[in-house]
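Notes for the one structure printed next.
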Amino acid sequence: MMLKIENLKAGINGKEILKGINMEVGAGEVHAIMGPNGSGKSTMSNVLVGHPAYEVYDGKVTFKGKNLLEMSAEDRSHEGLFMSFQYPVEIPGVSMTNFMRTAINEKRKYQGLQPLPPTEFLKLIKEKREFVKLDSKFMNRSVNEGFSGGEKKRNEIFQMAMLEPSLSILDETDSGLDIDALRIVADGVNRLKTPETSVIVITHYQRLLDYIKPDVVHVLYQGRIIKTAGPELALELEERGYDWVIKEYEDSLK
Amino acid sequence: MSAEKNYIDIFSQNRALIDKGSAGAMNALRDKALECFTRYGLPHKGLEEYLHTDVRSWFEPDWGMNLSRVDMHVDQAQAFKCNVPNLSTLLYFLSNDVFAASDTAANVQLPQGVIVCSLSEAAARYPEIVDAYYGRLADMERPGVAALNTMFAQDGMFVYVPDGVVVEKALQLVTLLQSPVDLLTNRRILVVLGRRSQLTLLLCDHALAANKYLTTQVVEVFAGDGSNLKLYDLEETHNANLRVSDYYISQEADSTIETDFVTLHNGSTRNSVYQTFKGQGSTLSLNGIAITDKEQHVDNMTFVDHRVSDCTSSELFKYVLDDSSTGAFAGKVLVRHGAQHTESQQTNRNICLTREARMFTQPQLEIYADDVKCSHGATVGQLDEKAMFYMQQRGIPMEEARMMLMQAFVGEVIGKVTLEPLRDRLNRLVEKRFRGELSQCEGCRACR
């Protein structure tokens with residue numbers, strides 16, 4: 001089992017947003033989490049990667065057999081958890097190369113390995129850069145600074161390729177992307193996919209799921225997963241919206 | 001005025017001794033200095049220019065002064081072993097205020113007519129030059145340390161570059177404060193650049209033994225027509241060090257000056273820079289970095305005077321304040337009547353790493369000309385938490401992420417240093433500073 005979430009209750013500033021999430025993601029699976037605005041999608045991804053502003057009130061998350069919630073954000077990354085940010089952050093003055101070198105070598109340190117020799121590091125950069133069609137000029141620039149929306153998202157996938165995570169969370173990766181950029185990003189995600197790695201796609205729209213095919217689709221509403229089904233659910237949501245699922249759920253409570 | 005009275009008494013009682021340890025123009029100005037000092041006194045918190053730094057209180061204790069110039073025997077090689085990656089410079093020393101050239105510098109053939117020597121020696125040997133420049137810029141008609149420094153200063157450094165001469169190799173003056181007792185030192189530096197001459201000068205301020213030091217430094221810089229000066233001032237002292245430094249810079253037409261004032265490690269520091277554009281077509285790049293922690297205090301005051309048209313000044317000062325340290329920045333740009341086509345940009349950005357750290361910033365722009373391009377801005381904030389988390393998500397531990405963000409923040413200022421080896425050295429020094437490794441060297445023993 002890649003990820004097991006049991007009765008997760010979490011929120012921000014004492015306000016409970018996730019009200020008991022249960023979910024399992026197996027190795028090699030692609031899960032989509034969909035839901036209307038304000039349903040708790042962002043909270044869920046932030047809690048999983050250990051954003052310090054979010055609080056966990058109850059529940060358990062097991063990641064590759066380890067207690068995820070006890071780990072620092074950086075250790076979660078070292079263990080193979082990656083999040084593609086909805087809004088990748090600009091870091092003026094920190095070059096992409098320096099940023100990636102530090103990230104890679106910190107992970108190696110965690111694994112008890114020596115830092116990657118500079119020539120091998122540069123080779124790795126080149127290979128992964130070509131993989132997501134990211135121009136070499138970006139490597140000397142500050143992280144995300146002056147990147148277009150599409151370049152930022154491509155940079156996220158580049159970092160994902162560099163770090164080779166076992167579980168990737170794509171947080172609203174499609175927002176602000178034109179169709180070409182979306183294709184490149186999705187293509188990168190698909191080619192990085194192995195039978196051992198898993199992906200959670202968090203999205204409001206079905207659009208991205210045309211390119212990254214989910215095995216399982218969950219609907220998140222008011223902090224709870226109210227429906228879980230196969231990929232056909234995404235299409236149905238696209239056609240009919242969320243209201244019918246919500247109604248179905250509310251009826252089931254009566 | 002008890003602090004002032006004390007210094008007036010010391011001066012009167014030791015006048016002969018002071019003169020004996022110095023020469024020419026330095027001695028000639030002492031009477032006027034005494035008169036000004038008696039009238040204006042020491043700067044204190046009641047003055048707007050010194051609102052955040054009570055310099056007078058620094059002078060209140062009974063400081064020792066080495067007016068009879070007893071040899072303190074500073075072993076330069078031993079003392080300066082913490083000079084991380086060596087810059088290829090011509091190295092000179094001021095042991096407290098006693099000038100000495102390193103062996104290499106003493107034996108090097110400087111370009112024709114270039115003089116680099118002790119200031120009192122220059123006052124005796126080259127009166128025709130020194131008399132024309134010494135004390136001409138330092139303003140004693142106001143509360144400050146220029147008058148006190150002129151009263152007591154017996155030596156320092158003199159640099160003269162004649163018309164058309166380019167000094168290729170950078171000069172480095174390393175001040176080593178070392179004394180068996182607490183010590184007040186008054187040092188003086190005079191830099192004269194002829195027309196179309198070029199010079200790079202790096203001043204490094206170190207304190208070696210764990211005693212308390214109070215230093216006044218007055219630097220006068222004359223930049224002739226078309227001259228080019230790179231001037232860097234780097235302080236790496238210790239927590240018991242008090243420093244008051246006044247720079248007076250005059251720029252003739254078409255001259256270019258690049259400066260960087262870096263406070264890496266200190267106790268309490270007040271740096272003032274008074275610059276004047278006297279000729280058109282000149283450029284000033286005035287930058288600074290202060291990195292503080294514990295109870296350290298850094299106050300930079302700059303005054304850029306656009307007296308004539310068609311000059312450009314750009315200013316960037318950045319502070320990173322940790323623990324309960326305090327910083328102050330006051331930058332005044334005056335664009336006088338008729339100084340058209342002035343371009344001036346002033347920026348002060350600061351990061352307070354703790355709730356206890358304090359920054360006071362006061363950018364000031366006064367414009368009396370209508371065809372100018374001027375801007376100023378100041379910010380005080382914290383490290384970008386979003387960036388920090390983004391880095392953590394990529395596996396960079398929080399401490400390392402903080403380090404990288406701080407380094408990047410001051411890196412913008414270091415990037416403006418055009419002397420490449422110094423830029424690399426500053427990057428390394430700043431990194432060491434943020435990692436807390438600077439206090440490992442002999443000189444900074446007092447900081448542990």
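Naming works like this for the structure tokens: A, B, ... for the chains as they're shown, residue 1 at the start of each chain, ligands 1 onward in shown order.
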Report task. Identify every residue of chain B that has at least one atom within 12 Å of any atom of chain A, counting only C-alpha atoms, and report the result as a ChimeraX atom specification. Result -> /B:383-415
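Excluding region 281-286 of chain B itself and same-chain residues fewer than 3 positions from it, the residues having an atom within 6 Å of it are Ala253, Asp254, Ser255, Thr256, Ile257, Glu258, Thr259, Asp310, Cys311, Thr312, Ser313, Ser314 and Glu315 of chain B, counting only C-alpha atoms.
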Residue selection dump (C-alpha atoms) as a short mmCIF file (atom, residue, chain, number, x, y, z; two decimals), in the first residue's frame:
```
data_model
loop_
_atom_site.label_atom_id
_atom_site.label_comp_id
_atom_site.auth_asym_id
_atom_site.auth_seq_id
_atom_site.Cartn_x
_atom_site.Cartn_y
_atom_site.Cartn_z
CA ALA B 253 32.89 65.71 -13.51
CA ASP B 254 32.49 62.33 -15.24
CA SER B 255 33.79 60.41 -12.27
CA THR B 256 32.52 56.98 -11.27
CA ILE B 257 32.46 55.62 -7.75
CA GLU B 258 31.26 52.23 -6.61
CA THR B 259 31.11 51.62 -2.88
CA ASP B 310 23.40 65.06 -15.20
CA CYS B 311 24.57 62.81 -12.39
CA THR B 312 23.30 59.38 -11.43
CA SER B 313 23.18 57.88 -7.96
CA SER B 314 21.86 54.47 -7.02
CA GLU B 315 21.68 53.16 -3.52
#
```
Report task. Tell me, as a count of residues only, which residues lie within 12 Å of Thr62 (chain A), counting only C-alpha atoms; anything in the same chain fewer than 2 positions away does not count. Result -> 27
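Distances here use only C-alpha atoms; by that measure, the residue among B:Arg270, B:Arg243, B:Arg423, B:Lys212 closest to Pro61 (chain B) is B:Lys212.
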Query - strand (DSSP E) call set, DSSP backbone run, region 171-305 of chain B, as number ranges by chain - result: B: 171-177, 183-193, 198-207, 213-223, 228-236, 241-251, 256-265, 268-277, 283-292, 297-305
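Residue nearest Lys126 (chain A), chosen from A:Ile157, A:Met139, A:Leu167, A:Val185 and counting only C-alpha atoms: A:Met139.
Between CA of Thr354 (chain B) and CA of Asn427 (chain B) there is a distance of 23.3 Å.
Of the residues under consideration (B:Leu214, B:Leu321, B:Met65, B:Ala378), B:Ala378 shows the shortest atom-to-atom contact distance to Gln345 (chain B) when counting only C-alpha atoms.
Nearest residue to Cys352 (chain B) among B:Arg30, B:Lys318, B:His44, B:His376 is B:Lys318, counting only C-alpha atoms.
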Report task. List every residue of region 20-241 of chain A that DSSP, applied to the backbone, labels as alpha helix (DSSP H), and write the result as a VMD selection string. Result -> chain A and resid 41 to 49 73 to 78 96 to 110 118 to 131 149 to 163 179 to 192 232 to 240
Query - Top pick for closest residue to Arg129 (chain A), considering A:Ser168, A:Ser148, A:Gln206, A:Thr97 and counting only C-alpha atoms - result: A:Thr97
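Excluding Tyr242 (chain A) and any residue on its chain fewer than 4 positions from it, the residues at most 9 Å away by only C-alpha atoms are Gly35, Pro36, Val219, Leu237, Glu238, Ile246 and Lys247 of chain A.
Atom to atom, CA of Ala357 (chain B) and CA of Thr379 (chain B) stand 14.5 Å apart.
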Query raised in the report: Counting only C-alpha atoms, which of A:Met96, A:Pro165, A:Thr119, A:Ala181 gets nearest to Asn140 (chain A)?
Result: A:Met96
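Going from CA of Arg142 (chain B) to CA of Tyr40 (chain B) covers 5.7 Å.
Shell of Val199 (chain A) at 8 Å, with only C-alpha atoms counted and residues fewer than 5 places along the chain excluded, is Gly28, Glu29, Val30, His31, Leu167, Ser168, Ile169 and Leu170 of chain A.
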